file target.cif (mmCIF, C-alpha atoms and all ligand atoms)
data_work
loop_
_atom_site.label_atom_id
_atom_site.label_comp_id
_atom_site.auth_asym_id
_atom_site.auth_seq_id
_atom_site.Cartn_x
_atom_site.Cartn_y
_atom_site.Cartn_z
CA MET A 1 -49.37 -55.98 21.30
CA ALA A 2 -50.82 -57.68 18.21
CA VAL A 3 -50.46 -58.22 14.48
CA ARG A 4 -53.75 -57.07 12.99
CA PRO A 5 -55.38 -57.82 9.59
CA ILE A 6 -54.48 -55.34 6.84
CA VAL A 7 -57.37 -53.73 4.91
CA LYS A 8 -56.87 -54.44 1.19
CA LEU A 9 -58.09 -52.89 -2.07
CA PRO A 10 -61.02 -52.71 -3.07
CA GLU A 11 -62.32 -52.20 0.50
CA ALA A 12 -64.00 -48.76 0.59
CA LYS A 13 -62.63 -48.15 4.10
CA LEU A 14 -59.29 -47.20 2.51
CA ARG A 15 -61.01 -44.15 0.98
CA LEU A 16 -62.08 -42.68 4.35
CA LYS A 17 -60.56 -39.38 5.54
CA SER A 18 -59.10 -40.24 8.95
CA GLU A 19 -59.98 -38.19 12.06
CA PRO A 20 -57.43 -36.33 14.21
CA VAL A 21 -55.99 -38.42 17.05
CA GLY A 22 -56.14 -35.58 19.60
CA PRO A 23 -54.51 -36.21 23.02
CA VAL A 24 -51.93 -39.02 23.11
CA THR A 25 -53.45 -41.59 25.50
CA GLU A 26 -52.40 -45.11 26.49
CA GLU A 27 -54.90 -46.33 23.86
CA VAL A 28 -53.03 -44.34 21.17
CA ARG A 29 -49.71 -45.82 22.34
CA ARG A 30 -51.21 -49.35 22.21
CA LEU A 31 -52.56 -48.68 18.69
CA SER A 32 -49.12 -47.48 17.50
CA ALA A 33 -47.54 -50.64 18.97
CA ASP A 34 -50.06 -52.83 17.10
CA MET A 35 -49.32 -50.88 13.91
CA LEU A 36 -45.56 -51.46 14.32
CA ASP A 37 -46.09 -55.18 14.99
CA THR A 38 -48.29 -55.42 11.89
CA MET A 39 -45.81 -53.47 9.74
CA TYR A 40 -42.80 -55.59 10.82
CA ASP A 41 -44.81 -58.80 10.25
CA ALA A 42 -45.90 -57.80 6.71
CA PRO A 43 -43.02 -56.73 6.23
CA GLY A 44 -43.21 -53.08 5.29
CA ILE A 45 -41.50 -49.75 5.94
CA GLY A 46 -44.58 -47.76 6.83
CA LEU A 47 -48.22 -48.11 7.86
CA ALA A 48 -51.18 -45.77 8.40
CA ALA A 49 -53.83 -46.62 11.01
CA ILE A 50 -56.58 -46.87 8.38
CA GLN A 51 -54.70 -49.88 6.95
CA ILE A 52 -55.69 -51.83 10.05
CA GLY A 53 -59.18 -50.37 9.89
CA VAL A 54 -58.77 -47.48 12.37
CA PRO A 55 -59.62 -44.08 10.78
CA LYS A 56 -57.24 -42.08 12.99
CA ARG A 57 -54.41 -39.79 11.76
CA LEU A 58 -51.57 -42.00 13.06
CA VAL A 59 -48.56 -43.22 11.03
CA VAL A 60 -45.62 -45.50 11.83
CA ILE A 61 -42.41 -45.80 9.77
CA ASP A 62 -39.18 -47.77 10.12
CA LEU A 63 -36.65 -47.57 7.27
CA ALA A 64 -34.07 -49.81 8.96
CA ARG A 65 -33.12 -52.89 6.92
CA SER A 66 -34.02 -56.30 8.35
CA ASP A 67 -30.35 -56.87 9.29
CA GLU A 68 -30.13 -53.52 11.13
CA GLU A 69 -31.41 -52.47 14.57
CA ARG A 70 -35.02 -51.30 14.37
CA GLN A 71 -35.61 -47.52 14.32
CA PRO A 72 -39.39 -47.09 14.74
CA MET A 73 -40.90 -43.63 14.20
CA VAL A 74 -44.45 -42.67 15.25
CA PHE A 75 -46.26 -39.64 13.82
CA VAL A 76 -49.43 -38.36 15.55
CA ASP A 77 -51.60 -36.04 13.42
CA PRO A 78 -48.79 -35.46 10.86
CA GLU A 79 -49.15 -32.67 8.31
CA ILE A 80 -46.88 -31.57 5.46
CA VAL A 81 -46.08 -27.90 6.08
CA TRP A 82 -43.58 -27.50 3.19
CA SER A 83 -42.64 -29.46 0.08
CA SER A 84 -39.88 -28.82 -2.47
CA ASP A 85 -40.53 -27.81 -6.07
CA GLU A 86 -37.98 -30.45 -7.10
CA LYS A 87 -39.56 -33.85 -7.72
CA ARG A 88 -38.24 -37.40 -7.30
CA VAL A 89 -39.44 -40.65 -8.85
CA HIS A 90 -39.42 -43.77 -6.69
CA GLU A 91 -40.91 -47.24 -7.04
CA GLU A 92 -43.74 -47.61 -4.54
CA GLY A 93 -45.79 -50.49 -3.24
CA CYS A 94 -48.53 -50.71 -0.62
CA LEU A 95 -49.46 -53.34 1.94
CA SER A 96 -53.09 -52.65 1.00
CA ILE A 97 -52.36 -53.31 -2.70
CA PRO A 98 -50.18 -56.43 -2.52
CA GLU A 99 -47.73 -57.41 -5.28
CA PHE A 100 -48.24 -54.24 -7.32
CA TYR A 101 -45.37 -51.80 -7.74
CA GLU A 102 -45.16 -48.70 -9.89
CA GLU A 103 -43.00 -45.57 -10.12
CA VAL A 104 -44.51 -42.47 -8.53
CA GLU A 105 -43.28 -38.86 -8.79
CA ARG A 106 -43.47 -36.80 -5.60
CA PRO A 107 -41.71 -33.72 -4.10
CA ASP A 108 -38.10 -34.66 -3.30
CA ARG A 109 -38.12 -33.06 0.17
CA VAL A 110 -40.89 -32.30 2.70
CA THR A 111 -41.18 -30.76 6.16
CA VAL A 112 -43.70 -32.57 8.38
CA ARG A 113 -45.18 -31.20 11.61
CA PHE A 114 -46.49 -33.85 14.01
CA ARG A 115 -46.73 -34.84 17.67
CA ASP A 116 -44.66 -37.68 19.14
CA LEU A 117 -45.96 -40.26 21.63
CA ASP A 118 -45.09 -37.89 24.49
CA GLY A 119 -47.47 -35.38 22.95
CA GLU A 120 -44.60 -33.07 22.03
CA MET A 121 -44.96 -31.03 18.80
CA ARG A 122 -42.08 -31.70 16.39
CA GLU A 123 -41.00 -30.74 12.88
CA LEU A 124 -39.01 -33.10 10.65
CA GLU A 125 -37.23 -32.20 7.39
CA ALA A 126 -37.17 -35.33 5.25
CA ASP A 127 -35.63 -36.29 1.93
CA GLY A 128 -35.06 -39.54 0.04
CA MET A 129 -37.04 -42.61 1.04
CA LEU A 130 -38.31 -41.01 4.26
CA ALA A 131 -39.85 -38.16 2.28
CA THR A 132 -41.47 -40.64 -0.13
CA CYS A 133 -42.79 -42.82 2.69
CA LEU A 134 -44.16 -39.89 4.73
CA GLN A 135 -46.06 -38.60 1.67
CA HIS A 136 -47.36 -42.12 0.92
CA GLU A 137 -48.61 -42.58 4.51
CA ILE A 138 -50.10 -39.07 4.87
CA ASP A 139 -51.93 -39.75 1.59
CA HIS A 140 -53.51 -42.77 3.33
CA LEU A 141 -54.83 -40.46 6.09
CA ASN A 142 -56.72 -38.55 3.38
CA GLY A 143 -58.07 -41.67 1.64
CA VAL A 144 -55.54 -41.33 -1.19
CA LEU A 145 -53.65 -44.39 -2.52
CA PHE A 146 -50.38 -44.34 -4.49
CA ILE A 147 -52.28 -45.67 -7.53
CA ASP A 148 -54.16 -42.35 -7.59
CA HIS A 149 -50.88 -40.76 -8.78
CA LEU A 150 -50.72 -43.08 -11.80
CA SER A 151 -52.36 -42.66 -15.20
CA ARG A 152 -56.11 -43.30 -15.37
CA LEU A 153 -55.46 -46.40 -17.48
CA LYS A 154 -52.96 -47.93 -15.04
CA ARG A 155 -55.17 -47.06 -12.06
CA SER A 156 -58.33 -48.57 -13.57
CA ARG A 157 -56.46 -51.74 -14.55
CA VAL A 158 -55.21 -52.39 -10.98
CA ILE A 159 -58.58 -51.55 -9.40
CA LYS A 160 -60.38 -53.93 -11.81
CA LYS A 161 -57.80 -56.65 -11.01
CA PHE A 162 -58.43 -56.38 -7.25
CA GLU A 163 -62.23 -56.10 -7.70
CA LYS A 164 -62.18 -59.31 -9.79
CA ALA A 165 -60.07 -61.10 -7.15
CA ALA A 166 -62.43 -59.95 -4.38
CA ARG A 167 -65.48 -61.22 -6.34
CA ARG A 168 -63.78 -64.57 -6.91
CA GLU A 169 -62.90 -64.80 -3.20
CA SER A 170 -66.51 -64.10 -2.13
CA GLU A 171 -67.83 -66.69 -4.65
CA ASP A 172 -65.40 -69.32 -3.29
CA ALA A 173 -66.33 -68.53 0.33
O1 LIG A 201 -48.47 -47.78 3.23
C1 LIG A 201 -47.95 -48.87 3.06
O2 LIG A 201 -48.58 -49.81 2.58
C2 LIG A 201 -46.52 -49.05 3.41
C3 LIG A 201 -45.63 -49.19 2.24
C4 LIG A 201 -44.68 -48.04 2.40
C5 LIG A 201 -44.03 -47.54 1.18
C6 LIG A 201 -44.03 -46.18 0.99
C7 LIG A 201 -43.40 -45.64 -0.09
C8 LIG A 201 -42.73 -46.43 -0.99
C9 LIG A 201 -42.75 -47.80 -0.82
C10 LIG A 201 -43.41 -48.36 0.27
C11 LIG A 201 -45.10 -50.61 2.42
O3 LIG A 201 -43.97 -50.62 3.15
S1 LIG A 201 -45.00 -51.53 0.94
C12 LIG A 201 -43.59 -52.45 0.95
C13 LIG A 201 -42.48 -51.78 0.17
C14 LIG A 201 -41.33 -51.40 0.80
C15 LIG A 201 -40.33 -50.76 0.05
C16 LIG A 201 -40.50 -50.52 -1.30
C17 LIG A 201 -41.67 -50.92 -1.92
C18 LIG A 201 -42.67 -51.56 -1.18
ZN ZN A 202 -49.74 -47.85 1.39
#
call {"tool": "encode", "arguments": {"input": "target.cif", "output": "structure tokens"}}
result
Amino acid sequence: MAVRPIVKLPEAKLRLKSEPVGPVTEEVRRLSADMLDTMYDAPGIGLAAIQIGVPKRLVVIDLARSDEERQPMVFVDPEIVWSSDEKRVHEEGCLSIPEFYEEVERPDRVTVRFRDLDGEMRELEADGMLATCLQHEIDHLNGVLFIDHLSRLKRSRVIKKFEKAARRESEDA
């Protein structure tokens, strides 16, 4: 398996709508393993395939703390089939938008339908951090970033900051 480069804002690739994975093949299992390696290396608690440049509807999550045994979860073609009316605010970050954190309001609980790596259809009722992370990652599959849930002013400020940094990087190259 391999740690792969993470696509960062303002790369347009992050705005793609990812394609369904379809059948779970050895290639899909290898991709999920690379995603987990990349997520643990970052470190992060979730990752969508588009964040390593692969526009496929595949998500990995592990909420275990660094001093706990790892508990990796893999979601193939996940979809939210129910979300609560009650909302919850949580501070979010993103491996594609480094060193920027803001509070985001999302439904407190969600039910997600997905296939596991054995190709079995499953349904998961999530609350708390798992619900927040699943919504954050499924947003990625639709080209949506957590900054899109912020005010227009906050969103434009962070996009301009990363566009300026990208210009400076290309000038220094
Ligand atoms: O998509 C990503 O970049 C993964 C995020 C997952 C995340 C989802 C919801 C709320 C916070 C993070 C990364 O793990 S960012 C690292 C991180 C971890 C915990 C809290 C804040 C940021
Ligand atoms: Zn993210």
call {"tool": "residues_around", "arguments": {"input": "target.cif", "residues": "segment 87-97 of chain A", "least_positions_apart": "2", "cutoff": "7 Å", "atoms": "all atoms listed in the file", "output": "list in words"}}
result
Ile6, Val7, Lys8, Leu9, Gln51, Asp85, Glu99, Phe100, Tyr101, Glu102, Glu103, Val104, Glu105, Arg106, Pro107 and Asp108 of chain A
call {"tool": "closest_atom_pairs", "arguments": {"input": "target.cif", "of": "chain A", "to": "ligand ZN 202 (chain A)", "cutoff": "10 Å", "atoms": "all atoms listed in the file", "output": "Markdown table"}}
result
| residue | atom | partner | partner_atom | distance |
| --- | --- | --- | --- | --- |
| A:Lys8 | CA | A:ZN202 | ZN | 9.7 |
| A:Leu14 | CA | A:ZN202 | ZN | 9.6 |
| A:Gly44 | CA | A:ZN202 | ZN | 9.2 |
| A:Ile45 | CA | A:ZN202 | ZN | 9.6 |
| A:Gly46 | CA | A:ZN202 | ZN | 7.5 |
| A:Leu47 | CA | A:ZN202 | ZN | 6.7 |
| A:Ala48 | CA | A:ZN202 | ZN | 7.5 |
| A:Ile50 | CA | A:ZN202 | ZN | 9.8 |
| A:Gln51 | CA | A:ZN202 | ZN | 7.7 |
| A:Glu92 | CA | A:ZN202 | ZN | 8.4 |
| A:Gly93 | CA | A:ZN202 | ZN | 6.6 |
| A:Cys94 | CA | A:ZN202 | ZN | 3.7 |
| A:Leu95 | CA | A:ZN202 | ZN | 5.5 |
| A:Ser96 | CA | A:ZN202 | ZN | 5.9 |
| A:Ile97 | CA | A:ZN202 | ZN | 7.3 |
| A:Pro98 | CA | A:ZN202 | ZN | 9.4 |
| A:Cys133 | CA | A:ZN202 | ZN | 8.7 |
| A:Gln135 | CA | A:ZN202 | ZN | 10.0 |
| A:His136 | CA | A:ZN202 | ZN | 6.2 |
| A:Glu137 | CA | A:ZN202 | ZN | 6.2 |
| A:Ile138 | CA | A:ZN202 | ZN | 9.5 |
| A:Asp139 | CA | A:ZN202 | ZN | 8.4 |
| A:His140 | CA | A:ZN202 | ZN | 6.6 |
| A:Val144 | CA | A:ZN202 | ZN | 9.1 |
| A:Leu145 | CA | A:ZN202 | ZN | 6.5 |
| A:Phe146 | CA | A:ZN202 | ZN | 6.9 |
| A:Ile147 | CA | A:ZN202 | ZN | 9.5 |
call {"tool": "write_last_selection", "arguments": {"input": "target.cif", "atoms": "C-alpha atoms", "output": "mmCIF file, in the coordinates of the input"}}
result
data_model
loop_
_atom_site.group_PDB
_atom_site.id
_atom_site.type_symbol
_atom_site.label_atom_id
_atom_site.label_comp_id
_atom_site.auth_asym_id
_atom_site.auth_seq_id
_atom_site.Cartn_x
_atom_site.Cartn_y
_atom_site.Cartn_z
ATOM 1 C CA LYS A 8 -56.870 -54.440 1.190
ATOM 2 C CA LEU A 14 -59.290 -47.200 2.510
ATOM 3 C CA GLY A 44 -43.210 -53.080 5.290
ATOM 4 C CA ILE A 45 -41.500 -49.750 5.940
ATOM 5 C CA GLY A 46 -44.580 -47.760 6.830
ATOM 6 C CA LEU A 47 -48.220 -48.110 7.860
ATOM 7 C CA ALA A 48 -51.180 -45.770 8.400
ATOM 8 C CA ILE A 50 -56.580 -46.870 8.380
ATOM 9 C CA GLN A 51 -54.700 -49.880 6.950
ATOM 10 C CA GLU A 92 -43.740 -47.610 -4.540
ATOM 11 C CA GLY A 93 -45.790 -50.490 -3.240
ATOM 12 C CA CYS A 94 -48.530 -50.710 -0.620
ATOM 13 C CA LEU A 95 -49.460 -53.340 1.940
ATOM 14 C CA SER A 96 -53.090 -52.650 1.000
ATOM 15 C CA ILE A 97 -52.360 -53.310 -2.700
ATOM 16 C CA PRO A 98 -50.180 -56.430 -2.520
ATOM 17 C CA CYS A 133 -42.790 -42.820 2.690
ATOM 18 C CA GLN A 135 -46.060 -38.600 1.670
ATOM 19 C CA HIS A 136 -47.360 -42.120 0.920
ATOM 20 C CA GLU A 137 -48.610 -42.580 4.510
ATOM 21 C CA ILE A 138 -50.100 -39.070 4.870
ATOM 22 C CA ASP A 139 -51.930 -39.750 1.590
ATOM 23 C CA HIS A 140 -53.510 -42.770 3.330
ATOM 24 C CA VAL A 144 -55.540 -41.330 -1.190
ATOM 25 C CA LEU A 145 -53.650 -44.390 -2.520
ATOM 26 C CA PHE A 146 -50.380 -44.340 -4.490
ATOM 27 C CA ILE A 147 -52.280 -45.670 -7.530
#
call {"tool": "closest_residue", "arguments": {"input": "target.cif", "among": "A:Ala165, A:Leu36, A:Val81, A:Leu153", "to": "ligand LIG 201 (chain A)", "atoms": "all atoms listed in the file"}}
result
A:Leu36
call {"tool": "residues_around", "arguments": {"input": "target.cif", "residues": "segment 29-35 of chain A", "least_positions_apart": "5", "cutoff": "12 Å", "atoms": "all atoms listed in the file", "output": "ChimeraX atom specification"}}
result
/A:1-6,21,23-24,40-62,72-76,116-119
call {"tool": "write_last_selection", "arguments": {"input": "target.cif", "atoms": "C-alpha atoms", "output": "mmCIF file, in the frame of the given file"}}
result
data_model
loop_
_atom_site.group_PDB
_atom_site.id
_atom_site.type_symbol
_atom_site.label_atom_id
_atom_site.label_comp_id
_atom_site.auth_asym_id
_atom_site.auth_seq_id
_atom_site.Cartn_x
_atom_site.Cartn_y
_atom_site.Cartn_z
ATOM 1 C CA MET A 1 -49.370 -55.980 21.300
ATOM 2 C CA ALA A 2 -50.820 -57.680 18.210
ATOM 3 C CA VAL A 3 -50.460 -58.220 14.480
ATOM 4 C CA ARG A 4 -53.750 -57.070 12.990
ATOM 5 C CA PRO A 5 -55.380 -57.820 9.590
ATOM 6 C CA ILE A 6 -54.480 -55.340 6.840
ATOM 7 C CA VAL A 21 -55.990 -38.420 17.050
ATOM 8 C CA PRO A 23 -54.510 -36.210 23.020
ATOM 9 C CA VAL A 24 -51.930 -39.020 23.110
ATOM 10 C CA TYR A 40 -42.800 -55.590 10.820
ATOM 11 C CA ASP A 41 -44.810 -58.800 10.250
ATOM 12 C CA ALA A 42 -45.900 -57.800 6.710
ATOM 13 C CA PRO A 43 -43.020 -56.730 6.230
ATOM 14 C CA GLY A 44 -43.210 -53.080 5.290
ATOM 15 C CA ILE A 45 -41.500 -49.750 5.940
ATOM 16 C CA GLY A 46 -44.580 -47.760 6.830
ATOM 17 C CA LEU A 47 -48.220 -48.110 7.860
ATOM 18 C CA ALA A 48 -51.180 -45.770 8.400
ATOM 19 C CA ALA A 49 -53.830 -46.620 11.010
ATOM 20 C CA ILE A 50 -56.580 -46.870 8.380
ATOM 21 C CA GLN A 51 -54.700 -49.880 6.950
ATOM 22 C CA ILE A 52 -55.690 -51.830 10.050
ATOM 23 C CA GLY A 53 -59.180 -50.370 9.890
ATOM 24 C CA VAL A 54 -58.770 -47.480 12.370
ATOM 25 C CA PRO A 55 -59.620 -44.080 10.780
ATOM 26 C CA LYS A 56 -57.240 -42.080 12.990
ATOM 27 C CA ARG A 57 -54.410 -39.790 11.760
ATOM 28 C CA LEU A 58 -51.570 -42.000 13.060
ATOM 29 C CA VAL A 59 -48.560 -43.220 11.030
ATOM 30 C CA VAL A 60 -45.620 -45.500 11.830
ATOM 31 C CA ILE A 61 -42.410 -45.800 9.770
ATOM 32 C CA ASP A 62 -39.180 -47.770 10.120
ATOM 33 C CA PRO A 72 -39.390 -47.090 14.740
ATOM 34 C CA MET A 73 -40.900 -43.630 14.200
ATOM 35 C CA VAL A 74 -44.450 -42.670 15.250
ATOM 36 C CA PHE A 75 -46.260 -39.640 13.820
ATOM 37 C CA VAL A 76 -49.430 -38.360 15.550
ATOM 38 C CA ASP A 116 -44.660 -37.680 19.140
ATOM 39 C CA LEU A 117 -45.960 -40.260 21.630
ATOM 40 C CA ASP A 118 -45.090 -37.890 24.490
ATOM 41 C CA GLY A 119 -47.470 -35.380 22.950
#
call {"tool": "axis_aligned_box", "arguments": {"input": "target.cif", "around": "segment 13-17 of chain A", "padding_each_side": "3 Å", "output": "JSON"}}
result
{"center_x": -61.0, "center_y": -43.8, "center_z": 3.3, "size_x": 9.3, "size_y": 14.8, "size_z": 10.6}
call {"tool": "closest_residue", "arguments": {"input": "target.cif", "among": "A:Leu134, A:Gly128, A:Pro20, A:Ala64", "to": "ligand LIG 201 (chain A)", "atoms": "only C-alpha atoms and all ligand atoms"}}
result
A:Leu134
call {"tool": "atom_distance", "arguments": {"input": "target.cif", "atom1": "atom CA of Asn142 of chain A", "atom2": "atom CA of Glu26 of chain A"}}
result
24.4 Å
call {"tool": "closest_residue", "arguments": {"input": "target.cif", "among": "A:Thr38, A:Ser151, A:Thr111, A:Ser156", "to": "ligand LIG 201 (chain A)", "atoms": "only C-alpha atoms and all ligand atoms"}}
result
A:Thr38
call {"tool": "residues_near_point", "arguments": {"input": "target.cif", "point": "(-40.9, -36.5, 10.9)", "cutoff": "7 Å", "atoms": "all atoms listed in the file", "output": "list in words"}}
result
Phe75, Val112, Arg113, Phe114, Glu123, Leu124, Glu125 and Ala126 of chain A
call {"tool": "atom_distance", "arguments": {"input": "target.cif", "atom1": "atom CA of Asp67 of chain A", "atom2": "atom C3 of ligand LIG 201 (chain A)"}}
result
18.5 Å
call {"tool": "closest_residue", "arguments": {"input": "target.cif", "among": "A:Val110, A:Ala131, A:Ala173, A:Ile80", "to": "ligand LIG 201 (chain A)", "atoms": "all atoms listed in the file"}}
result
A:Ala131
call {"tool": "closest_residue", "arguments": {"input": "target.cif", "among": "A:Leu141, A:Val158, A:Val28, A:Leu16", "to": "ligand LIG 201 (chain A)", "atoms": "all atoms listed in the file"}}
result
A:Leu141
call {"tool": "closest_residue", "arguments": {"input": "target.cif", "among": "A:Ala12, A:Met39, A:Met121, A:Leu150", "to": "ligand LIG 201 (chain A)", "atoms": "all atoms listed in the file"}}
result
A:Met39
call {"tool": "atom_distance", "arguments": {"input": "target.cif", "atom1": "atom CA of Thr25 of chain A", "atom2": "atom C8 of ligand LIG 201 (chain A)"}}
result
29.0 Å
